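**Student:** As input, take data_15.txt (compact mmCIF, C-alpha atoms):
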```txt
# COMPACT_ATOMS: atom_id res chain seq x y z
CA MET R 11 11.36 -31.09 -17.86
CA LYS R 12 9.19 -29.22 -20.33
CA GLY R 13 11.03 -26.02 -19.58
CA ASN R 14 13.91 -27.31 -21.68
CA SER R 15 11.74 -27.62 -24.78
CA ASP R 16 12.05 -25.42 -27.84
CA PHE R 17 9.16 -23.25 -26.68
CA LYS R 18 10.02 -19.54 -26.90
CA PHE R 19 8.18 -16.57 -25.51
CA VAL R 20 7.45 -14.33 -28.45
CA ALA R 21 7.16 -11.25 -26.25
CA GLY R 22 7.54 -10.25 -22.65
CA SER R 23 11.19 -11.18 -22.03
CA GLN R 24 11.77 -7.56 -21.05
CA ASP R 25 9.58 -8.29 -18.02
CA ASN R 26 11.65 -11.28 -16.93
CA VAL R 27 12.68 -9.82 -13.59
CA TYR R 28 9.06 -9.23 -12.60
CA TRP R 29 7.92 -12.73 -13.50
CA PHE R 30 10.92 -14.40 -11.91
CA LEU R 31 10.21 -12.47 -8.71
CA ARG R 32 6.54 -13.35 -8.82
CA HIS R 33 7.15 -17.05 -9.38
CA LEU R 34 9.75 -17.35 -6.62
CA VAL R 35 7.31 -16.09 -3.98
CA ALA R 36 4.06 -17.50 -5.38
CA SER R 37 2.14 -19.75 -3.00
CA ARG R 38 1.09 -22.02 -5.86
CA TYR R 39 4.76 -22.83 -6.36
CA GLY R 40 5.34 -23.43 -2.66
CA ASN R 41 6.66 -19.93 -1.84
CA TYR R 42 10.13 -21.20 -2.67
CA ALA R 43 12.02 -18.04 -1.71
CA ARG R 44 10.67 -18.13 1.83
CA HIS R 45 11.74 -21.74 2.44
CA GLU R 46 14.98 -21.94 0.46
CA GLU R 47 16.78 -18.61 0.69
CA ALA R 48 20.19 -20.21 1.26
CA GLN R 49 19.73 -22.47 -1.76
CA LEU R 50 18.78 -19.50 -3.94
CA ARG R 51 22.01 -17.80 -2.89
CA ARG R 52 23.96 -20.87 -3.95
CA ILE R 53 22.16 -21.00 -7.29
CA SER R 54 22.88 -17.31 -7.88
CA ASP R 55 26.58 -17.76 -7.09
CA GLY R 56 26.79 -20.79 -9.37
CA LEU R 57 25.16 -18.96 -12.26
CA LYS R 58 27.49 -15.99 -11.86
CA GLY R 59 30.44 -18.34 -12.20
CA LEU R 60 28.99 -19.94 -15.32
CA LEU R 61 28.41 -16.53 -16.88
CA ARG R 62 32.02 -15.56 -16.22
CA ASP R 63 33.16 -18.84 -17.80
CA GLU R 64 30.85 -18.29 -20.76
CA ALA R 65 29.23 -21.68 -20.22
CA LYS R 66 26.44 -23.01 -22.41
CA ILE R 67 22.88 -21.95 -21.68
CA GLU R 68 21.95 -25.64 -21.29
CA ASP R 69 24.44 -25.96 -18.43
CA MET R 70 22.96 -22.91 -16.73
CA CYS R 71 19.44 -24.31 -17.04
CA SER R 72 20.65 -27.56 -15.47
CA VAL R 73 22.10 -25.63 -12.53
CA ILE R 74 18.76 -23.88 -12.05
CA GLU R 75 16.71 -27.07 -12.29
CA ASP R 76 18.95 -29.24 -10.13
CA GLY R 77 19.55 -26.44 -7.63
CA LEU R 78 15.86 -25.73 -7.13
CA MET R 79 14.85 -29.39 -6.85
CA ASP R 80 17.70 -30.71 -4.67
CA PRO R 81 16.63 -29.42 -1.21
CA VAL R 82 12.94 -30.29 -1.60
CA PRO R 83 11.84 -33.66 -0.16
CA SER R 84 10.36 -35.77 -2.93
CA ARG R 85 8.26 -38.08 -0.76
CA TYR R 86 5.76 -37.53 2.02
CA GLY R 87 3.43 -40.11 3.52
CA GLY R 88 4.28 -42.66 0.87
CA ASP R 89 3.45 -40.33 -2.01
CA ILE R 90 5.07 -37.52 -3.97
CA SER R 91 5.19 -34.49 -1.68
CA LYS R 92 3.13 -31.45 -2.54
CA ARG R 93 6.17 -29.17 -2.29
CA TYR R 94 8.07 -31.35 -4.74
CA ARG R 95 5.27 -31.12 -7.29
CA GLN R 96 5.03 -27.36 -6.71
CA THR R 97 8.77 -27.00 -7.24
CA GLU R 98 8.57 -28.99 -10.47
CA ASP R 99 5.93 -26.53 -11.67
CA LEU R 100 8.15 -23.63 -10.59
CA VAL R 101 11.14 -25.01 -12.50
CA GLU R 102 9.09 -25.47 -15.63
CA ARG R 103 7.68 -21.96 -15.44
CA LEU R 104 11.11 -20.41 -14.86
CA LEU R 105 12.94 -22.33 -17.56
CA ARG R 106 10.37 -21.39 -20.17
CA ARG R 107 11.59 -17.82 -19.75
CA ILE R 108 15.31 -18.63 -19.95
CA ASN R 109 16.49 -18.75 -23.53
CA ASN R 110 19.79 -16.87 -23.40
CA LYS R 111 22.41 -15.46 -21.05
CA SER R 112 20.54 -12.18 -20.63
CA ASP R 113 17.63 -14.17 -19.21
CA VAL R 114 20.02 -15.86 -16.77
CA ARG R 115 21.29 -12.44 -15.72
CA ASP R 116 17.68 -11.37 -15.11
CA PHE R 117 17.10 -14.47 -13.00
CA ILE R 118 20.14 -13.63 -10.87
CA LEU R 119 18.81 -10.10 -10.42
CA ALA R 120 15.44 -11.50 -9.37
CA ILE R 121 17.02 -13.84 -6.82
CA ASN R 122 19.01 -11.00 -5.29
CA ALA R 123 15.96 -8.74 -5.28
CA VAL R 124 13.64 -11.25 -3.61
CA ILE R 125 16.22 -12.03 -0.92
CA ASN R 126 16.96 -8.36 -0.23
CA THR R 127 13.35 -7.16 -0.26
CA THR R 128 12.29 -10.02 2.00
CA ALA R 129 14.96 -8.92 4.46
CA LEU R 130 13.66 -5.35 4.19
CA GLN R 131 10.14 -6.42 5.07
CA ASN R 132 11.32 -8.54 7.97
CA ASP R 133 13.31 -5.61 9.38
CA VAL R 134 10.56 -3.01 9.02
CA LYS R 135 9.31 -1.60 12.30
CA LYS R 136 6.08 -3.25 13.40
CA PHE R 137 3.12 -1.44 14.92
CA CYS R 138 3.58 -2.57 18.51
CA SER R 139 1.15 -2.90 21.41
CA ASP R 140 2.53 0.24 23.12
CA GLU R 141 1.48 2.31 20.11
CA VAL R 142 -1.96 0.68 20.10
CA VAL R 143 -2.41 1.53 23.78
CA SER R 144 -1.22 5.09 23.19
CA ILE R 145 -3.73 5.70 20.39
CA ILE R 146 -6.63 4.32 22.41
CA ASP R 147 -5.74 6.33 25.50
CA GLU R 148 -5.32 9.46 23.41
CA THR R 149 -8.73 8.94 21.80
CA LEU R 150 -10.34 8.39 25.20
CA ASP R 151 -8.47 11.45 26.51
CA VAL R 152 -7.02 9.42 29.34
CA GLY R 153 -4.97 11.59 31.65
CA SER R 154 -7.03 14.76 31.40
CA CYS R 155 -10.66 13.64 31.56
CA GLU R 156 -12.62 13.17 34.77
CA SER R 157 -14.62 10.26 33.39
CA LEU R 158 -13.96 7.91 30.46
CA ASP R 159 -16.51 8.16 27.65
CA PRO R 160 -17.57 4.69 26.41
CA SER R 161 -19.15 6.19 23.29
CA LEU R 162 -15.62 6.77 21.94
CA ALA R 163 -14.85 3.04 21.77
CA TYR R 164 -15.47 2.72 18.03
CA ASP R 165 -13.44 5.86 17.31
CA ALA R 166 -10.56 4.38 19.30
CA LEU R 167 -10.61 1.13 17.30
CA TYR R 168 -10.86 3.03 14.04
CA ASN R 169 -7.89 5.23 14.96
CA VAL R 170 -5.85 2.15 15.86
CA ASP R 171 -6.61 0.58 12.48
CA VAL R 172 -5.68 3.73 10.57
CA GLY R 173 -2.59 4.37 12.68
CA GLY R 174 -1.37 0.81 12.25
CA GLU R 175 -1.76 0.85 8.49
CA GLU R 176 -0.12 4.26 8.10
CA THR R 177 2.82 3.34 10.31
CA GLN R 178 3.51 0.10 8.48
CA LEU R 179 3.04 1.64 5.05
CA SER R 180 5.37 4.52 5.85
CA GLU R 181 8.09 2.23 7.20
CA GLN R 182 7.78 -0.18 4.27
CA ARG R 183 7.97 2.59 1.70
CA GLU R 184 10.94 4.27 3.35
CA ALA R 185 12.89 1.01 3.36
CA LEU R 186 12.04 0.39 -0.30
CA VAL R 187 13.02 3.91 -1.39
CA LYS R 188 16.49 3.55 0.14
CA TYR R 189 16.94 0.15 -1.48
CA ILE R 190 15.80 1.33 -4.93
CA ILE R 191 18.08 4.39 -4.87
CA ASN R 192 21.06 2.15 -4.15
CA LEU R 193 19.98 -0.47 -6.71
CA ARG R 194 19.55 2.04 -9.54
CA GLY R 195 23.12 3.16 -9.13
CA LYS R 196 24.41 -0.42 -9.20
CA LEU R 197 22.37 -1.37 -12.26
CA GLY R 198 23.70 1.55 -14.24
CA LYS R 199 27.35 1.00 -13.30
CA LYS R 200 27.68 -2.76 -12.95
CA TYR R 201 25.47 -3.89 -15.82
CA ASP R 202 25.65 -0.82 -18.03
CA PHE R 203 21.87 -0.85 -18.49
CA GLU R 204 20.08 1.85 -20.42
CA GLU R 205 17.83 4.05 -18.31
CA ASP R 206 14.62 2.47 -19.60
CA GLU R 207 15.93 -0.99 -18.63
CA VAL R 208 16.80 0.26 -15.16
CA ILE R 209 13.32 1.74 -14.74
CA ARG R 210 11.67 -1.46 -15.92
CA ILE R 211 13.64 -3.53 -13.42
CA VAL R 212 13.14 -1.27 -10.40
CA THR R 213 9.41 -0.86 -11.09
CA ALA R 214 9.09 -4.65 -11.32
CA ILE R 215 10.81 -5.00 -7.96
CA SER R 216 8.70 -2.21 -6.46
CA GLN R 217 5.47 -3.71 -7.77
CA GLU R 218 6.17 -7.14 -6.33
CA TYR R 219 7.43 -5.63 -3.07
CA GLU R 220 4.22 -3.66 -2.61
CA ARG R 221 2.08 -6.71 -3.39
CA ARG R 222 3.77 -8.66 -0.61
CA ALA R 223 3.84 -5.64 1.69
CA GLY R 224 0.10 -5.24 1.24
CA GLN R 225 -0.43 -8.86 2.21
CA SER R 226 1.71 -8.29 5.27
CA ARG R 227 -0.34 -5.25 6.30
CA SER R 228 -3.58 -7.18 5.88
CA SER R 229 -2.35 -10.09 7.97
CA THR R 230 -1.18 -7.85 10.82
CA ALA R 231 -4.28 -5.63 10.77
CA GLY R 232 -6.24 -8.31 12.62
CA ASN R 233 -3.61 -8.54 15.36
CA VAL R 234 -3.67 -4.77 15.79
CA LEU R 235 -7.45 -4.76 16.22
CA GLU R 236 -7.32 -7.67 18.67
CA THR R 237 -4.80 -5.80 20.81
CA GLY R 238 -6.88 -2.64 20.55
CA LEU R 239 -10.10 -4.35 21.60
CA GLN R 240 -8.39 -6.05 24.52
CA HIS R 241 -6.99 -2.78 25.86
CA LEU R 242 -10.30 -1.00 25.31
CA LEU R 243 -12.17 -3.59 27.36
CA GLU R 244 -9.55 -3.43 30.10
CA ARG R 245 -9.78 0.37 30.26
CA PHE R 246 -13.46 0.07 31.16
CA GLY R 247 -13.06 -2.81 33.58
CA LEU R 248 -14.59 -5.47 31.33
CA GLU R 249 -12.73 -8.70 31.95
CA SER R 250 -12.25 -10.79 28.81
CA THR R 251 -10.27 -13.79 27.61
CA GLY R 252 -7.53 -11.55 26.26
CA LYS R 253 -6.57 -13.91 23.49
CA THR R 254 -7.67 -14.96 20.04
CA GLU R 255 -9.38 -18.32 19.77
CA HIS R 256 -9.72 -20.41 16.63
CA MET R 257 -12.68 -22.69 16.09
CA GLY R 258 -11.85 -24.36 12.79
CA ASP R 259 -11.93 -21.56 10.22
CA LEU R 260 -13.53 -19.08 12.61
CA GLU R 261 -11.50 -16.59 14.60
CA ILE R 262 -12.91 -14.92 17.70
CA ASP R 263 -10.87 -11.92 18.81
CA ASN R 264 -12.10 -11.94 22.39
CA LYS R 265 -14.77 -13.34 24.69
CA ILE R 266 -16.54 -11.88 27.69
CA GLU R 267 -18.47 -13.96 30.20
CA GLY R 268 -20.68 -12.14 32.68
CA PRO R 269 -23.31 -13.21 35.22
CA GLU R 270 -26.13 -12.63 32.74
CA GLY R 271 -24.61 -13.53 29.37
CA SER R 272 -21.54 -14.19 27.25
CA ILE R 273 -20.33 -12.60 24.00
CA GLY R 274 -17.74 -13.46 21.38
CA PHE R 275 -16.31 -10.52 19.43
CA SER R 276 -15.11 -10.30 15.84
CA CYS R 277 -13.57 -6.97 14.85
CA LYS R 278 -13.03 -6.72 11.11
CA ARG R 279 -12.18 -4.04 8.61
CA SER R 280 -15.00 -5.39 6.49
CA LEU R 281 -17.36 -8.34 6.39
CA ARG R 282 -15.66 -9.84 3.36
CA GLU R 283 -13.54 -11.79 5.81
CA ARG R 284 -15.58 -14.97 5.94
CA PHE R 285 -18.17 -13.64 8.38
CA ARG R 286 -20.58 -16.46 7.56
CA GLN R 287 -18.34 -18.97 9.29
CA SER R 288 -19.20 -17.24 12.56
CA LEU R 289 -22.92 -17.76 12.24
CA SER R 290 -24.80 -20.60 13.92
CA ARG R 291 -21.72 -21.49 15.98
CA GLN R 292 -22.30 -19.69 19.27
CA SER R 293 -22.69 -22.96 21.17
CA GLU R 294 -19.49 -24.40 19.68
CA ILE R 295 -17.58 -21.29 20.70
CA GLY R 296 -19.17 -21.25 24.13
CA VAL R 297 -20.95 -17.88 23.97
CA ASP R 298 -24.56 -16.73 23.77
CA GLN R 299 -23.99 -14.31 20.89
CA ILE R 300 -21.33 -13.16 18.45
CA TRP R 301 -21.00 -9.42 17.98
CA PHE R 302 -19.32 -7.89 14.94
CA VAL R 303 -17.64 -4.51 14.69
CA ALA R 304 -17.01 -3.49 11.07
CA LEU R 305 -14.65 -0.58 10.45
CA MET R 306 -15.46 -0.26 6.75
CA MET R 307 -18.96 -0.19 5.35
CA ALA R 308 -18.33 -1.06 1.69
CA ASP R 309 -19.15 -4.76 2.06
CA LEU R 310 -21.98 -4.41 4.56
CA SER R 311 -25.27 -5.12 2.78
CA LYS R 312 -28.76 -5.54 4.17
CA GLU R 313 -28.56 -9.23 3.32
CA LYS R 314 -25.47 -9.68 5.49
CA ILE R 315 -27.04 -7.76 8.35
CA LYS R 316 -30.13 -9.98 8.20
CA GLN R 317 -28.00 -13.13 8.12
CA ILE R 318 -26.24 -12.01 11.28
CA GLY R 319 -29.59 -11.28 12.94
CA ASP R 320 -31.14 -14.57 11.85
CA ASP R 321 -28.43 -16.37 13.80
CA GLY R 322 -28.77 -14.26 16.91
CA GLY R 323 -25.78 -11.99 16.34
CA ARG R 324 -25.29 -8.23 16.27
CA ILE R 325 -23.27 -5.72 14.32
CA TYR R 326 -22.22 -2.21 15.35
CA VAL R 327 -21.73 0.66 12.89
CA PRO R 328 -21.18 4.41 13.35
CA ARG R 329 -24.24 6.66 13.38
CA ASP R 330 -22.78 8.88 10.65
CA SER R 331 -22.43 5.94 8.24
CA TYR R 332 -24.72 5.47 5.27
CA VAL R 333 -25.54 1.99 6.56
CA TRP R 334 -27.01 3.42 9.78
CA GLU R 335 -28.73 6.23 7.94
CA LEU R 336 -30.40 3.77 5.58
CA TYR R 337 -31.17 0.84 7.88
CA GLY R 338 -30.97 2.21 11.43
CA ASP R 339 -34.71 2.78 11.79
CA GLN R 340 -35.91 -0.40 10.11
CA VAL R 341 -37.92 -2.52 12.52
CA GLU R 342 -36.77 -5.82 11.00
CA LEU R 343 -33.15 -4.93 11.82
CA GLU R 344 -33.60 -3.36 15.25
CA GLU R 345 -32.34 -6.48 17.06
CA VAL R 346 -29.20 -6.82 14.96
CA LEU R 347 -28.00 -3.37 13.83
CA TYR R 348 -26.75 -1.09 16.59
CA PRO R 349 -24.95 2.28 16.76
CA ALA R 350 -21.25 1.99 17.54
CA ASP R 351 -21.36 4.58 20.32
CA ARG R 352 -23.41 2.10 22.39
CA PHE R 353 -20.96 -0.78 21.97
CA LEU R 354 -19.41 -0.82 25.45
CA GLU R 355 -22.60 0.09 27.29
CA ASP R 356 -24.43 -2.72 25.52
CA ILE R 357 -21.69 -5.16 26.50
CA ALA R 358 -22.13 -4.23 30.14
CA SER R 359 -25.92 -4.42 29.91
CA TYR R 360 -26.00 -7.77 28.11
CA THR R 361 -23.46 -9.52 30.32
CA GLY R 362 -24.55 -7.96 33.61
CA MET R 363 -21.16 -6.34 34.16
CA LYS R 364 -20.39 -2.78 35.21
CA LEU R 365 -18.44 -0.21 33.22
CA ASP R 366 -15.56 1.38 35.07
CA ARG R 367 -15.45 4.98 33.84
CA GLU R 368 -12.67 6.07 36.16
CA PRO R 369 -9.49 7.05 34.29
CA PRO R 370 -6.31 5.29 35.43
CA ASP R 371 -4.05 7.02 37.94
```
Here is a file; write its structure as C-alpha cells.
**Tutor:**
Amino acid sequence: MKGNSDFKFVAGSQDNVYWFLRHLVASRYGNYARHEEAQLRRISDGLKGLLRDEAKIEDMCSVIEDGLMDPVPSRYGGDISKRYRQTEDLVERLLRRINNKSDVRDFILAINAVINTTALQNDVKKFCSDEVVSIIDETLDVGSCESLDPSLAYDALYNVDVGGEETQLSEQREALVKYIINLRGKLGKKYDFEEDEVIRIVTAISQEYERRAGQSRSSTAGNVLETGLQHLLERFGLESTGKTEHMGDLEIDNKIEGPEGSIGFSCKRSLRERFRQSLSRQSEIGVDQIWFVALMMADLSKEKIKQIGDDGGRIYVPRDSYVWELYGDQVELEEVLYPADRFLEDIASYTGMKLDREPPD
C-alpha cells in the first residue's frame, strides 16, 4: 500500500482530525463510517491498546490497514468489488497522514467523533407530518375561516419549507452544542491539549457535522414538500395519488387525474434539481402536463421557463417575485408562467375537478 511509503505531508498535520473525519464519510471512499461502524470501534480499541503498549508506528498502520480492509468483500460479480477498491483508496489516503503516534491519536479522535456525531444526527427530531399539517392549516386559517382560500396554497408550501428547515437546523445545532461542550472538557483533561488545539479539533468536528447535516436537510426537504402538497390537495378535495413516483431519474411528487385532464407535480426549492429530466416525458409518466412549483427564484431564468413551455409544462411563481414582475406580462410566456395564487384553481379548471372550500369540522 502506497500509504506506507516515505511520503510525508510537509504541512497540514494539525488538521488531521478534519481530514480523517472527511475521508471516513466520503462517498468516493464508500462512506466507510456508515457501513462499518462496529469495525471502526474495534480499530479504535486496538489502536488505544497499541498506544498504551508503546508499539511501533508500523504496527499501528498495519492495524488500520488490515482492520479497514477485512470486512469489505473483495469480489463481486467475478470482479474486484467497487467497495473494495474504494476502501483501498481510503486506506492509502489515511495512511499518508499517519507518520507518528500523535497522528494515530488524531485518527482515534476522528473515529470517535464520526461515530458520535452520526448518532446525534440519527437521534435528532425529524420534522414530522403532523407539523406539516399544522403549518398548512394555520396558513389557511382552518378552524376560524368560513371558506378556505385557495390563493394561499403557495404561502402554505413556502411556510412548510421554511418551518421544516428551521426545525431541523435548530435540533441539529442544539445536539451539536451539547456534544461539543462535553468534548471540550474531555480534550482538555484527558489529552492535556492546549486551548488552540482543542479549538482546532472541535471546529473540525463542527464543520464536518454541519456539512453532513446540510445534506440531511436537503434530502428531507423534498419529503416535507411532498407531504405538504398532498395535505394541501386533500384540504381542497382534490384527489391525488398521494405518493411519490420515480420514472428513472425523474421524481413526480404527486399526480392528479380528472375527467378533463391529468397533471404531474414537481415541487422544488429551486430548478437546479434536474428539472430537464421532467421535460418531454409526460406520456411516460402518464399525465398530460407536468407543473412545477419553485419556492426559490434564484435559479429560474427565462431560458428555463421557455424550456418548460416548449414541452407543454407550466411553472407557478409568486406575484411579488422579480420573475413575475419581469416576465409575467410577456406574451411568449403566457402559456407557461403563472401566478402562484392561481395554482389550486388552475388545477381544478384543467382537470375538470371541483375545489372544496369548506373548512373541516
**Student:** Neighbouring residues of R:Asp330 were defined as those with any atom within 12 Å, considering only C-alpha atoms; residues of the same chain fewer than 4 positions away were excluded. Please report them as JSON, numbers by chain.
**Tutor:** {"R": [165, 307, 334, 335, 336, 337, 338, 349, 350, 351]}
**Student:** Could you check the closest approach to R:Leu104 for each of R:Ala65, R:Cys138, R:Leu31, R:Ala163 and tell me which residue wins, using all atoms listed in the file?
**Tutor:**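 Nearest candidate to R:Leu104 out of R:Ala65, R:Cys138, R:Leu31, R:Ala163: R:Leu31.
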**Student:** Using atom CA of R:Tyr94 and atom CA of R:Arg38 as the two end points, give the distance in Å to one decimal.
**Tutor:**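 Separation of atom CA of R:Tyr94 and atom CA of R:Arg38: 11.7 Å.
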**Student:** Could you name the residues that touch R:Ser216 at 8 Å or less, counting only C-alpha atoms, but leaving out those on the same chain fewer than 4 positions away, as a PyMOL selection string?
**Tutor:** chain R and resi 186+212+220
**Student:** Might you pull out every residue within 9 Å of R:Tyr164, with all atoms listed in the file counted and same-chain residues fewer than 3 positions away left off, and present them as a list of chain:residue names?
**Tutor:**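 Returned residues: R:Pro160, R:Ser161, R:Leu167, R:Tyr168, R:Asn169, R:Val303, R:Leu305, R:Tyr326, R:Val327, R:Pro328, R:Ala350, R:Asp351, R:Phe353.
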**Student:** What separation in Å, quoted to one decimal, exists between atom CA of R:Ala223 and atom CA of R:Leu179?
**Tutor:** 8.1 Å
**Student:** Excluding R:Glu345 and its own-chain neighbours fewer than 2 positions away, which residues fall within 7 Å of it when counting all atoms listed in the file? Please give them as a list in words.
**Tutor:**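 Once the adjacent positions are removed, what remains is Gly319, Leu343 and Leu347 of chain R.
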**Student:** So how many Å separate atom CA of R:Ile191 and atom CA of R:Gln131, to one decimal?
**Tutor:**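 Atom-to-atom, atom CA of R:Ile191 to atom CA of R:Gln131, that is 16.7 Å.
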**Student:** Smallest atom-to-atom distance to R:Pro370: which of R:Met306, R:Cys71, R:Val152, R:Ile300, using all atoms listed in the file?
**Tutor:** R:Val152
**Student:** Quick one: residues within 7 Å of R:Gly274, all atoms listed in the file, excluding same-chain residues fewer than 2 positions away - as a list in words?
**Tutor:**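 Listing them by chain and then by number gives Ile262, Asn264, Lys265, Ile266, Ser276, Val297, Gln299, Ile300 and Trp301 of chain R.
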**Student:** Filtering to C-alpha atoms, could you give me those residues as a PDB file, keeping the file's coordinate frame?
**Tutor:**
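Final output, saved to again_11.pdb:
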```pdb
ATOM      1  CA  ILE R 262     -12.910 -14.920  17.700  1.00  0.00           C
ATOM      2  CA  ASN R 264     -12.100 -11.940  22.390  1.00  0.00           C
ATOM      3  CA  LYS R 265     -14.770 -13.340  24.690  1.00  0.00           C
ATOM      4  CA  ILE R 266     -16.540 -11.880  27.690  1.00  0.00           C
ATOM      5  CA  SER R 276     -15.110 -10.300  15.840  1.00  0.00           C
ATOM      6  CA  VAL R 297     -20.950 -17.880  23.970  1.00  0.00           C
ATOM      7  CA  GLN R 299     -23.990 -14.310  20.890  1.00  0.00           C
ATOM      8  CA  ILE R 300     -21.330 -13.160  18.450  1.00  0.00           C
ATOM      9  CA  TRP R 301     -21.000  -9.420  17.980  1.00  0.00           C
TER      10      TRP R 301
END
```
**Student:** Which residue, R:Ser157, R:Ser331, R:Ser37, R:Asn192, has the smallest gap to R:Phe246 when you use all atoms listed in the file?
**Tutor:**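 Checking each of R:Ser157, R:Ser331, R:Ser37, R:Asn192 against R:Phe246, counting all atoms listed in the file, the winner is R:Ser157.
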**Student:** Would you please work out which residue, of R:Asp151, R:Asp116, R:Glu46, R:Asp55, is nearest to R:Trp29 when using all atoms listed in the file?
**Tutor:** R:Asp116
**Student:** Which is closer to R:Leu158 than all the others in R:Arg245, R:Lys199, R:His45, R:Arg107, using only C-alpha atoms?
**Tutor:**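 The shortest atom-to-atom distance to R:Leu158 comes from R:Arg245.
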**Student:** Within 12 Å of (12.1, -27.9, 5.5) in the file's own coordinates, which protein, DNA or RNA residues have an atom, counting only C-alpha atoms? List them as a PDB file with C-alpha atoms, keeping the file's coordinate frame.
**Tutor:**
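So the final result, stored in out_32.pdb, reads:
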```
ATOM      1  CA  GLY R  40       5.340 -23.430  -2.660  1.00  0.00           C
ATOM      2  CA  TYR R  42      10.130 -21.200  -2.670  1.00  0.00           C
ATOM      3  CA  ARG R  44      10.670 -18.130   1.830  1.00  0.00           C
ATOM      4  CA  HIS R  45      11.740 -21.740   2.440  1.00  0.00           C
ATOM      5  CA  GLU R  46      14.980 -21.940   0.460  1.00  0.00           C
ATOM      6  CA  GLU R  47      16.780 -18.610   0.690  1.00  0.00           C
ATOM      7  CA  ALA R  48      20.190 -20.210   1.260  1.00  0.00           C
ATOM      8  CA  GLN R  49      19.730 -22.470  -1.760  1.00  0.00           C
ATOM      9  CA  ASP R  80      17.700 -30.710  -4.670  1.00  0.00           C
ATOM     10  CA  PRO R  81      16.630 -29.420  -1.210  1.00  0.00           C
ATOM     11  CA  VAL R  82      12.940 -30.290  -1.600  1.00  0.00           C
ATOM     12  CA  PRO R  83      11.840 -33.660  -0.160  1.00  0.00           C
ATOM     13  CA  SER R  84      10.360 -35.770  -2.930  1.00  0.00           C
ATOM     14  CA  SER R  91       5.190 -34.490  -1.680  1.00  0.00           C
ATOM     15  CA  ARG R  93       6.170 -29.170  -2.290  1.00  0.00           C
ATOM     16  CA  TYR R  94       8.070 -31.350  -4.740  1.00  0.00           C
TER      17      TYR R  94
END
```
**Student:** Using all atoms listed in the file, which residue out of R:Asp76, R:Glu344, R:Glu205, R:Glu148 lies closest to R:Val101?
**Tutor:**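 Among R:Asp76, R:Glu344, R:Glu205, R:Glu148, it is R:Asp76 that comes nearest to R:Val101.
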**Student:** Please tell me which residues are no farther than 12 Å from (27.8, -21.5, -12.0) in the file, counting all atoms listed in the file, and write them as a ChimeraX atom specification.
**Tutor:** /R:51-74,76-77,114-115,118
**Student:** Just C-alpha atoms for this one: save the residues we selected as a short mmCIF file (atom, residue, chain, number, x, y, z; two decimals), in the coordinates of the input.
**Tutor:**
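What ended up in out-v3.cif:
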```
data_model
loop_
_atom_site.label_atom_id
_atom_site.label_comp_id
_atom_site.auth_asym_id
_atom_site.auth_seq_id
_atom_site.Cartn_x
_atom_site.Cartn_y
_atom_site.Cartn_z
CA ARG R 51 22.01 -17.80 -2.89
CA ARG R 52 23.96 -20.87 -3.95
CA ILE R 53 22.16 -21.00 -7.29
CA SER R 54 22.88 -17.31 -7.88
CA ASP R 55 26.58 -17.76 -7.09
CA GLY R 56 26.79 -20.79 -9.37
CA LEU R 57 25.16 -18.96 -12.26
CA LYS R 58 27.49 -15.99 -11.86
CA GLY R 59 30.44 -18.34 -12.20
CA LEU R 60 28.99 -19.94 -15.32
CA LEU R 61 28.41 -16.53 -16.88
CA ARG R 62 32.02 -15.56 -16.22
CA ASP R 63 33.16 -18.84 -17.80
CA GLU R 64 30.85 -18.29 -20.76
CA ALA R 65 29.23 -21.68 -20.22
CA LYS R 66 26.44 -23.01 -22.41
CA ILE R 67 22.88 -21.95 -21.68
CA GLU R 68 21.95 -25.64 -21.29
CA ASP R 69 24.44 -25.96 -18.43
CA MET R 70 22.96 -22.91 -16.73
CA CYS R 71 19.44 -24.31 -17.04
CA SER R 72 20.65 -27.56 -15.47
CA VAL R 73 22.10 -25.63 -12.53
CA ILE R 74 18.76 -23.88 -12.05
CA ASP R 76 18.95 -29.24 -10.13
CA GLY R 77 19.55 -26.44 -7.63
CA VAL R 114 20.02 -15.86 -16.77
CA ARG R 115 21.29 -12.44 -15.72
CA ILE R 118 20.14 -13.63 -10.87
#
```
**Student:** Complete stretch 26-35 of chain R with N, CA and C atoms (output as a compact mmCIF listing (two decimals), keeping the file's coordinate frame).
**Tutor:**
```txt
# COMPACT_ATOMS: atom_id res chain seq x y z
N ASN R 26 11.15 -10.08 -17.60
CA ASN R 26 11.65 -11.28 -16.93
C ASN R 26 11.79 -11.11 -15.43
N VAL R 27 12.41 -10.01 -15.01
CA VAL R 27 12.68 -9.82 -13.59
C VAL R 27 11.39 -9.87 -12.79
N TYR R 28 10.35 -9.22 -13.31
CA TYR R 28 9.06 -9.23 -12.60
C TYR R 28 8.53 -10.65 -12.45
N TRP R 29 8.51 -11.39 -13.55
CA TRP R 29 7.92 -12.73 -13.50
C TRP R 29 8.77 -13.69 -12.68
N PHE R 30 10.08 -13.57 -12.75
CA PHE R 30 10.92 -14.40 -11.91
C PHE R 30 10.64 -14.12 -10.42
N LEU R 31 10.55 -12.85 -10.08
CA LEU R 31 10.21 -12.47 -8.71
C LEU R 31 8.89 -13.08 -8.28
N ARG R 32 7.90 -12.90 -9.13
CA ARG R 32 6.54 -13.35 -8.82
C ARG R 32 6.50 -14.87 -8.61
N HIS R 33 7.17 -15.59 -9.49
CA HIS R 33 7.15 -17.05 -9.38
C HIS R 33 7.87 -17.54 -8.12
N LEU R 34 8.96 -16.89 -7.76
CA LEU R 34 9.75 -17.35 -6.62
C LEU R 34 9.02 -17.19 -5.29
N VAL R 35 8.04 -16.29 -5.23
CA VAL R 35 7.31 -16.09 -3.98
C VAL R 35 5.87 -16.55 -4.06
```
